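Q: I'd like to ask you about the structure that follows.
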Amino acid sequence: MKIAIEAQRIFRTNKHGMDFVALETIRELQKIDHDNEYYVLVAPGDDHCLEESNNFHIVKIKCPTYPLWEQVALPLTIRKIKPDIVHCTSNTAPLWCPAPLVLTLHDIIFFEKRAHNKSMYQNIGWYYRRFIVPRILEKCKQIITVSQFECNRIRETLHLPKEQVIAIHNGFSKQFQILNSVYEITKKYIPTKEYLFFLGNTDPKKNTPRTLKAYSIYAQQSTNPLPLLIADLKKEVINQILKQEEIEEIKSMLYAPGYITHADLPAIYNGAKAFLYTSLRESFGIPLLESMACGTPVITSNTSAIPEIAGDRAILVNPLDVNAIARQLLKLETNELYREQQIAYGLERTKLFSWQYTAEQLLKVYQSIAKK
């Protein structure tokens, strides 16, 4: 069987969630499947994070913009390869696809009530997905999503047959584990050895204003408050939020180095006393598994797919309740037994997830379509 996998962004330097899902799954397929022929379709980039092997071929496709890449250059390449299956991994696909289509639809947040977002990049992406997704659904032989929560949302919202949409959980990379000495890495981003960690974002679903407000309450009530390391958020955006929430007094306690490389993230999690993952909406939540695997307690939300992934013994809070978030930060700081219980629970919970399992389930999807 000849399989083409769209993985447009995996060679870019600053990768994010969907990019890592595609990359890690392809790497595992490369380990477990030596029978089928794979063509990995990518855009050129500086991070050559995937190597070719006997049955895995990398095809670089140049095009100036993502819509043109996906709607013009990609189908033309597929037409030349003549695969038995095309798997598009990042929510959208060509309107004209000259082969049976499998789509990974990570979420349908773009069909839900929308909060204001000033990011032009995210706004364009929002409109593009809203236009493309409804028009490709009937062409999909199988739609894969990443949690049972999202699976149910997709079926209900888009009125799709139950059998057309399935859930395959994500995994997490094995580099996320307990490390003994991490300060040589963490000091590049924050000078103190102990700190709290938050993955910020301009996307409203990341709940950044409330999370910073909760941190300000914690900082007021703690006898020895730890600084907060914030990844992926520019200082000017943070300053704007601090002014808006009237919490500018915590500015000196915040460290915002911007993008933290994936290679450094295990050390960052290990160095943190707690990880804040207080999103309003997630379809899965790989970072909470990464933090758990590093032995770092996670304060996360009781909404969307997060409880499904974190489990019922995780620290689950109402993400709209800033006082509840602050209380959990204080409890982890002052109750050592509670902290140790959360560390042990997290390490046990992560045993349920792996990229190998994800790849095995995906291969079963490919095989079932080939039989039809």
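In the structure tokens, each chain is lettered A, B, ... as it comes, each chain's residues begin at 1, and ligands are numbered from 1 in order of appearance.
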Could you build a table of the residues in region 281-355 of chain A lying no more than 12 Å from region 198-205 of chain A, giving for each the nearest pair of atoms and their separation in Å rounded to one decimal place, using only C-alpha atoms, ordered by chain and ascending residue number, as JSON lines?

A:
{"residue": "A:Arg281", "atom": "CA", "partner": "A:Lys205", "partner_atom": "CA", "distance": 5.6}
{"residue": "A:Glu282", "atom": "CA", "partner": "A:Lys205", "partner_atom": "CA", "distance": 7.9}
{"residue": "A:Ser283", "atom": "CA", "partner": "A:Lys205", "partner_atom": "CA", "distance": 11.1}
{"residue": "A:Gly285", "atom": "CA", "partner": "A:Leu199", "partner_atom": "CA", "distance": 11.6}
{"residue": "A:Ile286", "atom": "CA", "partner": "A:Leu199", "partner_atom": "CA", "distance": 11.7}
{"residue": "A:Pro287", "atom": "CA", "partner": "A:Leu199", "partner_atom": "CA", "distance": 8.6}
{"residue": "A:Leu288", "atom": "CA", "partner": "A:Leu199", "partner_atom": "CA", "distance": 10.4}
{"residue": "A:Ser291", "atom": "CA", "partner": "A:Phe198", "partner_atom": "CA", "distance": 10.9}
{"residue": "A:Val298", "atom": "CA", "partner": "A:Phe198", "partner_atom": "CA", "distance": 10.1}
{"residue": "A:Ile299", "atom": "CA", "partner": "A:Phe198", "partner_atom": "CA", "distance": 10.1}
{"residue": "A:Thr300", "atom": "CA", "partner": "A:Phe198", "partner_atom": "CA", "distance": 10.8}
{"residue": "A:Ser301", "atom": "CA", "partner": "A:Lys205", "partner_atom": "CA", "distance": 11.4}
{"residue": "A:Thr303", "atom": "CA", "partner": "A:Lys205", "partner_atom": "CA", "distance": 11.2}
{"residue": "A:Ser304", "atom": "CA", "partner": "A:Lys205", "partner_atom": "CA", "distance": 11.1}
{"residue": "A:Pro319", "atom": "CA", "partner": "A:Lys205", "partner_atom": "CA", "distance": 10.2}
{"residue": "A:Leu320", "atom": "CA", "partner": "A:Lys205", "partner_atom": "CA", "distance": 11.2}

Q: Need to verify the contact set: Phe131 (chain A), 12 Å, only C-alpha atoms, exclusion of same-chain residues closer than 2 positions in sequence. Can you return it as a PyMOL selection string?

A: chain A and resi 67+91-95+110-111+124-129+133-137

Q: Contacts of Glu184 (chain A) at 12 Å or less, counting only C-alpha atoms, minus same-chain residues fewer than 6 places along, as a count of residues only?

A: 8

Q: Excluding region 3-7 of chain A and residues on its chain fewer than 3 positions from it, collect all residues at most 9 Å away from it, counting only C-alpha atoms, and give them as an mmCIF file with all heavy atoms, in the first residue's frame.

A:
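And here's out_20.cif as it stands now:
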data_model
loop_
_atom_site.group_PDB
_atom_site.id
_atom_site.type_symbol
_atom_site.label_atom_id
_atom_site.label_comp_id
_atom_site.auth_asym_id
_atom_site.auth_seq_id
_atom_site.Cartn_x
_atom_site.Cartn_y
_atom_site.Cartn_z
ATOM 1 N N ILE A 10 6.297 20.264 9.781
ATOM 2 C CA ILE A 10 7.192 19.598 10.735
ATOM 3 C C ILE A 10 8.650 20.044 10.622
ATOM 4 O O ILE A 10 9.426 19.857 11.564
ATOM 5 C CB ILE A 10 7.111 18.057 10.640
ATOM 6 C CG1 ILE A 10 7.586 17.552 9.274
ATOM 7 C CG2 ILE A 10 5.720 17.566 10.975
ATOM 8 C CD1 ILE A 10 7.796 16.041 9.227
ATOM 9 N N PHE A 11 9.045 20.644 9.495
ATOM 10 C CA PHE A 11 10.428 21.098 9.349
ATOM 11 C C PHE A 11 10.618 22.546 9.820
ATOM 12 O O PHE A 11 11.740 23.056 9.760
ATOM 13 C CB PHE A 11 10.899 20.956 7.900
ATOM 14 C CG PHE A 11 11.347 19.555 7.533
ATOM 15 C CD1 PHE A 11 11.144 18.498 8.406
ATOM 16 C CD2 PHE A 11 11.958 19.309 6.325
ATOM 17 C CE1 PHE A 11 11.543 17.205 8.081
ATOM 18 C CE2 PHE A 11 12.367 18.020 5.971
ATOM 19 C CZ PHE A 11 12.164 16.964 6.855
ATOM 20 N N ASP A 19 2.051 20.027 14.933
ATOM 21 C CA ASP A 19 3.291 19.661 14.253
ATOM 22 C C ASP A 19 3.951 18.469 14.949
ATOM 23 O O ASP A 19 4.425 17.531 14.303
ATOM 24 C CB ASP A 19 4.267 20.841 14.234
ATOM 25 C CG ASP A 19 3.623 22.131 13.787
ATOM 26 O OD1 ASP A 19 2.686 22.071 12.972
ATOM 27 O OD2 ASP A 19 4.047 23.212 14.251
ATOM 28 N N ALA A 22 2.021 15.129 14.394
ATOM 29 C CA ALA A 22 2.352 14.533 13.089
ATOM 30 C C ALA A 22 3.744 13.925 13.108
ATOM 31 O O ALA A 22 3.942 12.779 12.685
ATOM 32 C CB ALA A 22 2.239 15.594 11.994
ATOM 33 N N LEU A 23 4.717 14.676 13.609
ATOM 34 C CA LEU A 23 6.106 14.221 13.602
ATOM 35 C C LEU A 23 6.286 12.947 14.419
ATOM 36 O O LEU A 23 6.885 11.963 13.941
ATOM 37 C CB LEU A 23 7.013 15.327 14.139
ATOM 38 C CG LEU A 23 8.486 14.969 14.337
ATOM 39 C CD1 LEU A 23 9.132 14.564 13.012
ATOM 40 C CD2 LEU A 23 9.240 16.140 14.974
ATOM 41 N N ILE A 26 4.577 9.869 12.829
ATOM 42 C CA ILE A 26 5.328 9.387 11.657
ATOM 43 C C ILE A 26 6.573 8.621 12.094
ATOM 44 O O ILE A 26 6.905 7.561 11.547
ATOM 45 C CB ILE A 26 5.692 10.559 10.727
ATOM 46 C CG1 ILE A 26 4.425 11.147 10.085
ATOM 47 C CG2 ILE A 26 6.676 10.113 9.633
ATOM 48 C CD1 ILE A 26 4.636 12.487 9.409
ATOM 49 N N ASN A 36 4.472 -1.134 4.110
ATOM 50 C CA ASN A 36 3.846 -0.129 3.246
ATOM 51 C C ASN A 36 4.846 0.938 2.834
ATOM 52 O O ASN A 36 5.853 1.176 3.509
ATOM 53 C CB ASN A 36 2.653 0.507 3.967
ATOM 54 C CG ASN A 36 1.564 -0.506 4.251
ATOM 55 O OD1 ASN A 36 1.067 -1.174 3.346
ATOM 56 N ND2 ASN A 36 1.190 -0.656 5.521
ATOM 57 N N GLU A 37 4.538 1.606 1.743
ATOM 58 C CA GLU A 37 5.398 2.671 1.208
ATOM 59 C C GLU A 37 4.805 4.018 1.617
ATOM 60 O O GLU A 37 3.629 4.285 1.371
ATOM 61 C CB GLU A 37 5.458 2.565 -0.315
ATOM 62 C CG GLU A 37 6.632 3.280 -0.945
ATOM 63 C CD GLU A 37 7.908 2.449 -0.887
ATOM 64 O OE1 GLU A 37 7.844 1.251 -0.529
ATOM 65 O OE2 GLU A 37 8.975 3.002 -1.210
ATOM 66 N N TYR A 38 5.623 4.868 2.255
ATOM 67 C CA TYR A 38 5.138 6.146 2.770
ATOM 68 C C TYR A 38 5.819 7.313 2.049
ATOM 69 O O TYR A 38 7.030 7.284 1.788
ATOM 70 C CB TYR A 38 5.419 6.271 4.275
ATOM 71 C CG TYR A 38 4.542 5.401 5.138
ATOM 72 C CD1 TYR A 38 4.881 4.071 5.393
ATOM 73 C CD2 TYR A 38 3.376 5.901 5.716
ATOM 74 C CE1 TYR A 38 4.077 3.266 6.189
ATOM 75 C CE2 TYR A 38 2.572 5.112 6.515
ATOM 76 C CZ TYR A 38 2.934 3.795 6.751
ATOM 77 O OH TYR A 38 2.135 3.002 7.538
ATOM 78 N N TYR A 39 5.024 8.346 1.796
ATOM 79 C CA TYR A 39 5.519 9.604 1.250
ATOM 80 C C TYR A 39 5.083 10.714 2.203
ATOM 81 O O TYR A 39 3.886 10.968 2.353
ATOM 82 C CB TYR A 39 4.976 9.840 -0.155
ATOM 83 C CG TYR A 39 5.489 8.833 -1.157
ATOM 84 C CD1 TYR A 39 4.901 7.579 -1.272
ATOM 85 C CD2 TYR A 39 6.587 9.133 -1.967
ATOM 86 C CE1 TYR A 39 5.383 6.642 -2.171
ATOM 87 C CE2 TYR A 39 7.071 8.195 -2.875
ATOM 88 C CZ TYR A 39 6.470 6.950 -2.964
ATOM 89 O OH TYR A 39 6.952 6.023 -3.850
ATOM 90 N N VAL A 40 6.051 11.339 2.858
ATOM 91 C CA VAL A 40 5.771 12.397 3.827
ATOM 92 C C VAL A 40 5.922 13.732 3.109
ATOM 93 O O VAL A 40 7.023 14.088 2.651
ATOM 94 C CB VAL A 40 6.716 12.308 5.040
ATOM 95 C CG1 VAL A 40 6.348 13.372 6.073
ATOM 96 C CG2 VAL A 40 6.650 10.918 5.669
ATOM 97 N N LEU A 41 4.829 14.469 2.994
ATOM 98 C CA LEU A 41 4.791 15.692 2.197
ATOM 99 C C LEU A 41 4.956 16.901 3.109
ATOM 100 O O LEU A 41 4.111 17.171 3.972
ATOM 101 C CB LEU A 41 3.463 15.756 1.432
ATOM 102 C CG LEU A 41 3.074 14.451 0.700
ATOM 103 C CD1 LEU A 41 1.726 14.599 0.015
ATOM 104 C CD2 LEU A 41 4.141 14.041 -0.289
ATOM 105 N N VAL A 42 6.047 17.635 2.927
ATOM 106 C CA VAL A 42 6.411 18.725 3.839
ATOM 107 C C VAL A 42 6.741 19.992 3.067
ATOM 108 O O VAL A 42 7.028 19.960 1.869
ATOM 109 C CB VAL A 42 7.623 18.339 4.711
ATOM 110 C CG1 VAL A 42 7.365 17.050 5.481
ATOM 111 C CG2 VAL A 42 8.900 18.201 3.863
ATOM 112 N N ALA A 43 6.718 21.111 3.784
ATOM 113 C CA ALA A 43 7.282 22.352 3.260
ATOM 114 C C ALA A 43 8.744 22.419 3.703
ATOM 115 O O ALA A 43 9.088 21.930 4.777
ATOM 116 C CB ALA A 43 6.505 23.551 3.804
ATOM 117 N N GLU A 70 -1.625 23.916 0.266
ATOM 118 C CA GLU A 70 -2.570 22.823 0.496
ATOM 119 C C GLU A 70 -3.542 22.629 -0.660
ATOM 120 O O GLU A 70 -3.887 21.484 -1.006
ATOM 121 C CB GLU A 70 -3.346 23.081 1.791
ATOM 122 C CG GLU A 70 -4.292 21.948 2.165
ATOM 123 C CD GLU A 70 -4.894 22.135 3.539
ATOM 124 O OE1 GLU A 70 -5.768 23.028 3.695
ATOM 125 O OE2 GLU A 70 -4.502 21.408 4.463
ATOM 126 N N LEU A 74 -0.140 20.733 -3.121
ATOM 127 C CA LEU A 74 -0.308 19.414 -2.523
ATOM 128 C C LEU A 74 -1.074 18.449 -3.431
ATOM 129 O O LEU A 74 -0.580 17.336 -3.698
ATOM 130 C CB LEU A 74 -0.986 19.539 -1.153
ATOM 131 C CG LEU A 74 -1.244 18.227 -0.393
ATOM 132 C CD1 LEU A 74 0.057 17.483 -0.112
ATOM 133 C CD2 LEU A 74 -1.997 18.508 0.915
ATOM 134 N N ILE A 78 0.249 14.918 -5.039
ATOM 135 C CA ILE A 78 -0.467 13.658 -4.801
ATOM 136 C C ILE A 78 -0.785 12.970 -6.128
ATOM 137 O O ILE A 78 -0.669 11.746 -6.251
ATOM 138 C CB ILE A 78 -1.756 13.923 -3.990
ATOM 139 C CG1 ILE A 78 -1.409 14.373 -2.568
ATOM 140 C CG2 ILE A 78 -2.654 12.684 -3.952
ATOM 141 C CD1 ILE A 78 -2.579 14.933 -1.793
ATOM 142 N N ILE A 81 2.265 11.136 -7.283
ATOM 143 C CA ILE A 81 2.638 9.977 -6.454
ATOM 144 C C ILE A 81 1.661 8.821 -6.644
ATOM 145 O O ILE A 81 2.035 7.659 -6.587
ATOM 146 C CB ILE A 81 2.699 10.390 -4.962
ATOM 147 C CG1 ILE A 81 3.841 11.388 -4.732
ATOM 148 C CG2 ILE A 81 2.870 9.174 -4.053
ATOM 149 C CD1 ILE A 81 3.843 12.020 -3.353
ATOM 150 N N LYS A 82 0.370 9.160 -6.841
ATOM 151 C CA LYS A 82 -0.699 8.154 -6.996
ATOM 152 C C LYS A 82 -0.791 7.223 -5.777
ATOM 153 O O LYS A 82 -0.709 5.989 -5.900
ATOM 154 C CB LYS A 82 -0.502 7.337 -8.267
ATOM 155 C CG LYS A 82 -0.619 8.145 -9.551
ATOM 156 C CD LYS A 82 -0.478 7.241 -10.765
ATOM 157 C CE LYS A 82 -0.765 7.988 -12.068
ATOM 158 N NZ LYS A 82 0.149 9.110 -12.309
ATOM 159 N N PRO A 83 -0.989 7.778 -4.579
ATOM 160 C CA PRO A 83 -1.077 6.932 -3.382
ATOM 161 C C PRO A 83 -2.441 6.251 -3.268
ATOM 162 O O PRO A 83 -3.423 6.675 -3.884
ATOM 163 C CB PRO A 83 -0.879 7.931 -2.248
ATOM 164 C CG PRO A 83 -1.448 9.213 -2.783
ATOM 165 C CD PRO A 83 -1.139 9.209 -4.260
ATOM 166 N N ASP A 84 -2.492 5.201 -2.451
ATOM 167 C CA ASP A 84 -3.756 4.523 -2.155
ATOM 168 C C ASP A 84 -4.557 5.281 -1.099
ATOM 169 O O ASP A 84 -5.779 5.190 -1.052
ATOM 170 C CB ASP A 84 -3.477 3.103 -1.660
ATOM 171 C CG ASP A 84 -2.742 2.287 -2.704
ATOM 172 O OD1 ASP A 84 -3.320 2.058 -3.783
ATOM 173 O OD2 ASP A 84 -1.580 1.904 -2.450
ATOM 174 N N ILE A 85 -3.850 6.018 -0.241
ATOM 175 C CA ILE A 85 -4.473 6.808 0.826
ATOM 176 C C ILE A 85 -3.702 8.112 0.992
ATOM 177 O O ILE A 85 -2.469 8.124 0.913
ATOM 178 C CB ILE A 85 -4.451 6.053 2.177
ATOM 179 C CG1 ILE A 85 -5.337 4.803 2.125
ATOM 180 C CG2 ILE A 85 -4.899 6.950 3.334
ATOM 181 C CD1 ILE A 85 -5.198 3.919 3.351
ATOM 182 N N VAL A 86 -4.420 9.197 1.231
ATOM 183 C CA VAL A 86 -3.807 10.462 1.629
ATOM 184 C C VAL A 86 -4.299 10.784 3.038
ATOM 185 O O VAL A 86 -5.506 10.778 3.300
ATOM 186 C CB VAL A 86 -4.188 11.615 0.680
ATOM 187 C CG1 VAL A 86 -3.683 12.954 1.225
ATOM 188 C CG2 VAL A 86 -3.631 11.370 -0.700
ATOM 189 N N HIS A 87 -3.355 11.061 3.935
ATOM 190 C CA HIS A 87 -3.707 11.435 5.307
ATOM 191 C C HIS A 87 -3.288 12.880 5.550
ATOM 192 O O HIS A 87 -2.095 13.196 5.554
ATOM 193 C CB HIS A 87 -3.008 10.510 6.308
ATOM 194 C CG HIS A 87 -3.320 10.832 7.739
ATOM 195 N ND1 HIS A 87 -2.646 10.241 8.791
ATOM 196 C CD2 HIS A 87 -4.241 11.662 8.307
ATOM 197 C CE1 HIS A 87 -3.130 10.711 9.926
ATOM 198 N NE2 HIS A 87 -4.083 11.581 9.651
ATOM 199 N N CYS A 88 -4.269 13.761 5.718
ATOM 200 C CA CYS A 88 -3.999 15.165 6.072
ATOM 201 C C CYS A 88 -4.097 15.293 7.582
ATOM 202 O O CYS A 88 -5.110 14.921 8.177
ATOM 203 C CB CYS A 88 -4.964 16.094 5.357
ATOM 204 S SG CYS A 88 -4.631 16.218 3.581
ATOM 205 N N THR A 89 -3.059 15.835 8.210
ATOM 206 C CA THR A 89 -2.884 15.708 9.661
ATOM 207 C C THR A 89 -3.266 16.939 10.476
ATOM 208 O O THR A 89 -3.186 16.898 11.699
ATOM 209 C CB THR A 89 -1.415 15.368 9.974
ATOM 210 O OG1 THR A 89 -0.579 16.477 9.572
ATOM 211 C CG2 THR A 89 -0.966 14.105 9.267
ATOM 212 N N SER A 90 -3.660 18.035 9.820
ATOM 213 C CA SER A 90 -3.786 19.296 10.569
ATOM 214 C C SER A 90 -5.093 20.039 10.315
ATOM 215 O O SER A 90 -5.108 21.227 9.991
ATOM 216 C CB SER A 90 -2.601 20.213 10.239
ATOM 217 O OG SER A 90 -1.387 19.564 10.523
ATOM 218 N N ALA A 93 -7.740 19.990 4.422
ATOM 219 C CA ALA A 93 -7.256 19.149 3.321
ATOM 220 C C ALA A 93 -7.599 19.824 2.004
ATOM 221 O O ALA A 93 -8.391 20.779 1.972
ATOM 222 C CB ALA A 93 -7.909 17.768 3.405
ATOM 223 N N TYR A 366 -5.496 2.789 8.374
ATOM 224 C CA TYR A 366 -5.027 2.663 6.994
ATOM 225 C C TYR A 366 -5.386 1.284 6.424
ATOM 226 O O TYR A 366 -5.862 1.168 5.284
ATOM 227 C CB TYR A 366 -3.512 2.835 6.922
ATOM 228 C CG TYR A 366 -2.972 4.204 7.298
ATOM 229 C CD1 TYR A 366 -1.646 4.368 7.691
ATOM 230 C CD2 TYR A 366 -3.769 5.344 7.245
ATOM 231 C CE1 TYR A 366 -1.128 5.607 8.025
ATOM 232 C CE2 TYR A 366 -3.267 6.583 7.579
ATOM 233 C CZ TYR A 366 -1.939 6.722 7.976
ATOM 234 O OH TYR A 366 -1.446 7.943 8.302
#

Q: Please determine, counting only C-alpha atoms, which residue among A:Gln356, A:Asn302, A:Thr261, A:Asn239 has the shortest atom-to-atom distance to Thr186 (chain A).

A: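 Going through A:Gln356, A:Asn302, A:Thr261, A:Asn239 one by one, the smallest distance to Thr186 (chain A) is for A:Thr261.
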
Q: Just the number, please: distance in Å from CA of Ala293 (chain A) to CA of Phe176 (chain A), one decimal.

A: 5.8 Å

Q: Do you know which residues are at most 10 Å from Lys80 (chain A) counting only C-alpha atoms, after dropping those on the same chain fewer than 4 positions away, and could you put them as a list in words?

A: Pro75, Leu76 and Pro98 of chain A

Q: Which is closer to Ala314 (chain A) than all the others in A:Gln341, A:Gln244, A:Thr334, A:Asn180, using only C-alpha atoms?

A: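 Answer, going by the shortest atom-to-atom distance: A:Gln341.
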
Q: Please run DSSP on the backbone and report, as a VMD selection string, all residues within region 44-257 of chain A that come out as helix (DSSP H, G or I).

A: chain A and resid 66 to 81 109 to 111 120 to 139 148 to 158 162 to 164 183 to 186 204 to 206 208 to 221 235 to 245 248 to 253
